Each structure stands twice: as structure tokens, then as C-alpha cells.
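The data block below is entry_28.csv; it holds CSV, C-alpha atoms.
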chain,number,residue,atom,x,y,z
A,1,MET,CA,0.0,0.0,0.0
A,2,LYS,CA,1.5,3.3,-1.0
A,3,HIS,CA,1.0,6.4,1.2
A,4,THR,CA,1.1,9.8,-0.3
A,5,LYS,CA,1.6,13.1,1.5
A,6,ILE,CA,-1.0,15.8,1.1
A,7,GLY,CA,0.4,19.2,1.0
A,8,ALA,CA,-0.7,21.8,3.4
A,9,GLY,CA,-2.2,23.9,0.6
A,10,VAL,CA,-4.4,20.9,-0.5
A,11,ALA,CA,-5.5,20.2,3.1
A,12,LEU,CA,-6.4,23.9,3.6
A,13,SER,CA,-8.3,24.0,0.3
A,14,THR,CA,-10.3,20.9,1.2
A,15,LEU,CA,-11.1,22.4,4.6
A,16,ALA,CA,-12.2,25.6,3.0
A,17,ILE,CA,-14.5,23.8,0.5
A,18,LEU,CA,-16.1,21.8,3.3
A,19,SER,CA,-16.6,25.0,5.3
A,20,VAL,CA,-18.3,26.7,2.4
A,21,CYS,CA,-20.5,23.6,1.7
A,22,SER,CA,-21.5,23.5,5.4
A,23,LEU,CA,-22.4,27.2,5.4
A,24,SER,CA,-24.3,26.9,2.2
A,25,GLY,CA,-26.3,23.9,3.5
A,26,PHE,CA,-24.8,21.1,1.4
A,27,ALA,CA,-23.3,19.3,4.4
A,28,ARG,CA,-25.7,20.3,7.2
A,29,ASP,CA,-25.8,18.2,10.4
A,30,THR,CA,-29.6,17.6,10.8
A,31,THR,CA,-29.2,16.1,14.3
A,32,VAL,CA,-28.6,19.5,15.8
A,33,SER,CA,-31.3,21.6,14.0
A,34,GLY,CA,-34.6,22.3,15.6
A,35,LYS,CA,-35.8,22.0,19.2
A,36,MET,CA,-34.4,19.1,21.2
A,37,SER,CA,-36.9,16.6,22.5
A,38,THR,CA,-37.4,17.0,26.2
A,39,SER,CA,-40.2,16.4,28.6
A,40,GLU,CA,-41.5,19.9,27.9
A,41,THR,CA,-41.9,19.0,24.2
A,42,GLN,CA,-43.3,15.5,24.8
A,43,ASP,CA,-46.7,14.5,26.0
A,44,ILE,CA,-47.2,12.8,29.3
A,45,VAL,CA,-47.1,9.3,28.0
A,46,ASN,CA,-43.9,9.8,26.0
A,47,THR,CA,-42.3,11.6,29.0
A,48,LEU,CA,-43.0,8.6,31.2
A,49,ARG,CA,-41.8,6.3,28.5
A,50,SER,CA,-38.5,8.2,28.2
A,51,ARG,CA,-37.9,8.1,31.9
A,52,GLY,CA,-37.8,4.3,31.8
A,53,ALA,CA,-39.0,3.4,35.3
A,54,PHE,CA,-42.7,3.4,34.6
A,55,HIS,CA,-43.3,0.0,32.9
A,56,LYS,CA,-46.2,-1.0,35.2
A,57,THR,CA,-47.9,2.4,34.7
A,58,LEU,CA,-47.4,2.3,30.9
A,59,GLU,CA,-48.5,-1.3,30.8
A,60,GLY,CA,-51.7,-0.4,32.6
A,61,MET,CA,-52.3,2.6,30.4
A,62,SER,CA,-51.9,0.4,27.3
A,63,THR,CA,-54.4,-2.1,28.8
A,64,ALA,CA,-56.7,0.8,29.5
A,65,TYR,CA,-56.2,2.0,25.9
A,66,ASP,CA,-58.6,5.0,26.3
A,67,LEU,CA,-56.4,6.4,29.1
A,68,ASP,CA,-53.3,6.0,27.0
A,69,ASN,CA,-54.9,7.9,24.1
A,70,GLU,CA,-56.4,10.5,26.5
A,71,LEU,CA,-53.0,11.4,28.0
A,72,LYS,CA,-51.5,11.9,24.6
A,73,GLY,CA,-54.2,14.5,23.9
A,74,LYS,CA,-54.3,18.2,24.3
A,75,GLY,CA,-54.9,18.4,28.1
A,76,PRO,CA,-53.9,19.9,30.3
A,77,PHE,CA,-53.5,17.1,32.8
A,78,THR,CA,-51.9,16.7,36.2
A,79,VAL,CA,-50.7,13.2,36.7
A,80,PHE,CA,-49.5,11.5,39.9
A,81,ALA,CA,-47.4,8.7,38.5
A,82,ALA,CA,-46.1,5.7,40.4
A,83,ASP,CA,-42.9,4.2,39.1
A,84,ASP,CA,-42.2,0.4,39.2
A,85,LYS,CA,-40.6,0.6,42.6
A,86,ALA,CA,-43.8,2.2,43.9
A,87,TRP,CA,-46.0,-0.5,42.3
A,88,ALA,CA,-43.7,-3.2,43.9
A,89,LYS,CA,-45.2,-2.1,47.3
A,90,ILE,CA,-48.4,-3.9,46.2
A,91,ASN,CA,-48.1,-7.7,46.5
A,92,GLN,CA,-47.8,-9.5,43.2
A,93,ALA,CA,-51.2,-11.4,43.5
A,94,ASP,CA,-53.0,-8.0,43.9
A,95,GLN,CA,-51.1,-6.5,41.0
A,96,ASP,CA,-52.0,-9.5,38.8
A,97,THR,CA,-55.7,-9.2,39.8
A,98,LEU,CA,-55.7,-5.5,39.0
A,99,PHE,CA,-53.9,-5.7,35.7
A,100,ASN,CA,-56.2,-8.5,34.6
A,101,ASN,CA,-59.3,-6.5,35.3
A,102,LYS,CA,-59.5,-3.7,32.7
A,103,LYS,CA,-62.4,-1.9,34.4
A,104,LYS,CA,-60.7,-1.7,37.8
A,105,LEU,CA,-57.3,-0.9,36.3
A,106,SER,CA,-58.9,2.0,34.3
A,107,GLN,CA,-60.5,3.2,37.6
A,108,VAL,CA,-57.2,3.1,39.5
A,109,LEU,CA,-55.2,4.8,36.7
A,110,SER,CA,-57.8,7.5,36.0
A,111,TYR,CA,-57.8,8.2,39.8
A,112,GLN,CA,-54.2,9.3,39.4
A,113,VAL,CA,-55.1,12.0,36.8
A,114,LEU,CA,-56.6,15.5,37.1
A,115,LYS,CA,-58.2,16.4,33.8
A,116,ASP,CA,-58.3,20.0,32.5
A,117,GLN,CA,-55.8,21.1,35.2
A,118,LYS,CA,-52.1,21.7,35.3
A,119,LEU,CA,-51.3,22.1,38.9
A,120,ASP,CA,-47.7,22.5,40.1
A,121,SER,CA,-46.6,21.5,43.6
A,122,LYS,CA,-47.0,25.1,44.9
A,123,ALA,CA,-50.7,25.2,43.8
A,124,LEU,CA,-51.3,21.7,45.2
A,125,GLU,CA,-49.7,22.6,48.6
A,126,GLY,CA,-52.4,25.3,49.0
A,127,MET,CA,-55.3,22.9,48.4
A,128,SER,CA,-56.9,20.3,50.7
A,129,SER,CA,-58.3,18.1,47.9
A,130,VAL,CA,-58.7,17.8,44.1
A,131,LYS,CA,-61.2,15.9,42.0
A,132,SER,CA,-59.7,13.0,40.0
A,133,MET,CA,-60.6,12.2,36.5
A,134,GLU,CA,-62.1,9.0,38.0
A,135,GLY,CA,-64.5,11.1,40.0
A,136,HIS,CA,-63.4,10.7,43.6
A,137,ASP,CA,-61.6,13.4,45.6
A,138,ILE,CA,-57.9,13.0,46.3
A,139,LYS,CA,-56.8,14.4,49.7
A,140,LEU,CA,-53.7,16.7,49.7
A,141,SER,CA,-51.6,17.5,52.7
A,142,VAL,CA,-48.1,18.9,53.5
A,143,LYS,CA,-46.0,17.4,56.2
A,144,ALA,CA,-43.2,19.4,57.7
A,145,GLY,CA,-40.9,19.4,60.8
A,146,ASN,CA,-39.9,15.7,60.7
A,147,GLU,CA,-36.5,15.3,62.4
A,148,ASP,CA,-34.8,13.6,59.4
A,149,LYS,CA,-36.8,15.7,56.8
A,150,LYS,CA,-37.1,12.7,54.4
A,151,ASP,CA,-40.9,12.5,55.1
A,152,ASP,CA,-41.4,16.2,54.7
A,153,GLY,CA,-43.3,17.5,51.7
A,154,LEU,CA,-46.5,17.1,49.7
A,155,TYR,CA,-48.7,14.0,50.2
A,156,VAL,CA,-51.4,12.9,47.7
A,157,ASP,CA,-53.7,10.7,49.8
A,158,LYS,CA,-51.1,8.5,51.6
A,159,ALA,CA,-48.5,8.8,48.8
A,160,HIS,CA,-45.5,11.0,49.2
A,161,VAL,CA,-44.5,13.1,46.2
A,162,LYS,CA,-40.8,12.2,45.6
A,163,GLU,CA,-40.3,14.3,42.5
A,164,ALA,CA,-42.6,17.2,41.6
A,165,ASP,CA,-43.3,19.5,38.6
A,166,ILE,CA,-42.1,17.5,35.6
A,167,GLN,CA,-43.3,19.8,32.8
A,168,CYS,CA,-44.8,18.1,29.7
A,169,SER,CA,-46.3,19.5,26.5
A,170,ASN,CA,-49.8,18.7,27.7
A,171,GLY,CA,-49.5,18.9,31.5
A,172,ILE,CA,-47.4,18.1,34.5
A,173,ILE,CA,-46.3,15.0,36.3
A,174,HIS,CA,-45.6,14.4,40.0
A,175,ILE,CA,-43.8,11.1,40.9
A,176,VAL,CA,-45.3,9.4,44.0
A,177,ASP,CA,-43.9,6.7,46.1
A,178,GLN,CA,-47.0,4.4,45.8
A,179,PRO,CA,-49.9,4.1,43.4
A,180,LEU,CA,-53.0,6.0,44.4
A,181,MET,CA,-56.0,3.8,45.1
A,182,PRO,CA,-59.6,5.0,44.8
A,183,PRO,CA,-62.4,3.3,46.7
A,184,LEU,CA,-62.9,0.5,44.2
A,185,ALA,CA,-66.3,-0.5,43.0
A,186,GLN,CA,-67.1,-4.2,43.8

As C-alpha cells, how would this structure be written, given the file I've shared?
Amino acid sequence: MKHTKIGAGVALSTLAILSVCSLSGFARDTTVSGKMSTSETQDIVNTLRSRGAFHKTLEGMSTAYDLDNELKGKGPFTVFAADDKAWAKINQADQDTLFNNKKKLSQVLSYQVLKDQKLDSKALEGMSSVKSMEGHDIKLSVKAGNEDKKDDGLYVDKAHVKEADIQCSNGIIHIVDQPLMPPLAQ
């Protein structure tokens, strides 16, 4: 194999041509143009999907297909989302029963949604309850003054908000440490 040396003039000429092409749009890098995809530009469902720890919630929303479609809609919505670690607090037999009953699963998941409202944590802290999309009231409270501070903060029913105010294109998500459970119809 024969190696040839490229002169400095040829290298500079090549660099100049590439620069002109790039400036004129011939060699544009399309991966950096336009707004980057973030939770603020994604709907609630895609934001949960991109965060990766919401397989149970997303599986449930897919089972309750109407809810999946609803949360991809215009909104606005406030969602109290339980991640997989939170769902694990419910024993497996109860999870299986719930996930195999589309009606009850839809009831549970729609209880975790506020329709036509985008309420950040500051707004929620000033309220005593909100009406869920499912129809029942969700109690809100704020705990403060605990010695270790880990239990301080906003509570939605008995669930502690672990991460608040995740902005989405059609609403806001608050991550809770356990799924919210409405009074289930028999």
C-alpha cells in the first residue's frame, strides 16, 4: 500500500471547501437543528416512557387504551405517576388481579389523573383536595418538621411526592412513592 503526503495547501483548500459547503447547507448536520426533544416538548405518555421506570404504569395505560390515548391528547393534565418501585409495594397477586381487570385498572389509573388542570406543587400545597378524572376526591396535605426531613413534603392521599413539577407539552407529572388507590367498586 502506497502512502502519499497531502500538501498543506491541498488540506487547507479541502477544509475551505467543506466549510463553504457546510455554510451553504450542502453538508448540514440535521441532528442539531430544531428544538431538542425534552419532557417539555413531549406529551405525558412519552415523557413517562423516556424516563424508563414506569413500565407498570405504561402497561396499565396500554391495557386501558382510552387512558393512553387521552394522556396523549391536548390536556392539560396533572398526573400522579407511580414508578415500578412504587408498584412493587403492592403484592404480586393483587397486581395480577388488578392488571387482569381492565375496568378496575382504568378506575385506578384515572384516579391518578386530574383532567383540564395543570397544577404544580405550589398550587397543590395550597389545596386540601382535588377531584380526580375517575370522580373521587384526592386528599392533599403537607408534612413538615420531621427530624430527618425525608418524610417532609407534599402528600397525595397517603403517597409522598418524591419528584414534583415535571413539565410536559400537555400537562405536568408528579412522581409518587406508591400508586393512588380510589375506593374500588365491587

- [ ] Tell me which of A:Phe54, A:Gln107, A:Thr97, A:Tyr155 sits closest to Gly126 (chain A), counting all atoms listed in the file.
- [x] A:Tyr155

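Computed from the coordinates, the CA of Leu105 (chain A) to CA of Leu48 (chain A) distance equals 17.9 Å.
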
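Among the candidates A:Glu125, A:Ser50, A:Glu134, A:Lys102, the one nearest to Pro183 (chain A) when counting all atoms listed in the file is A:Glu134.
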
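Checking A:Arg49, A:Lys56, A:His174, A:Lys139 one by one against Leu98 (chain A), counting all atoms listed in the file, you find the shortest gap at A:Lys56.
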
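Using all atoms listed in the file, the nearest neighbour of Ala64 (chain A) within the list A:Ala86, A:Leu140, A:Leu109, A:Ile175 is A:Leu109.
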
Task: Between CA of Lys85 (chain A) and CA of Thr47 (chain A), distance in Å (one decimal) - done: 17.6 Å

- [ ] One decimal, Å: what's the distance from CA of Asn91 (chain A) over to CA of Lys150 (chain A), could you say?
- [x] 24.5 Å

Task: Long-range neighbours of Ser121 (chain A) as an NGL selection string, 9 Å cut-off, all atoms listed in the file, 6 positions minimum in chain - done: :A and (154 or 164-165 or 174)

Task: Distance criterion (only C-alpha atoms): nearest to Leu67 (chain A) out of A:Lys103, A:Lys89, A:Arg51, A:Lys158 - done: A:Lys103

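For the residues A:Met61, A:Val108, A:Ala82, A:Val113, ranking by smallest atom-to-atom distance to Gly171 (chain A) using only C-alpha atoms places A:Val113 first.
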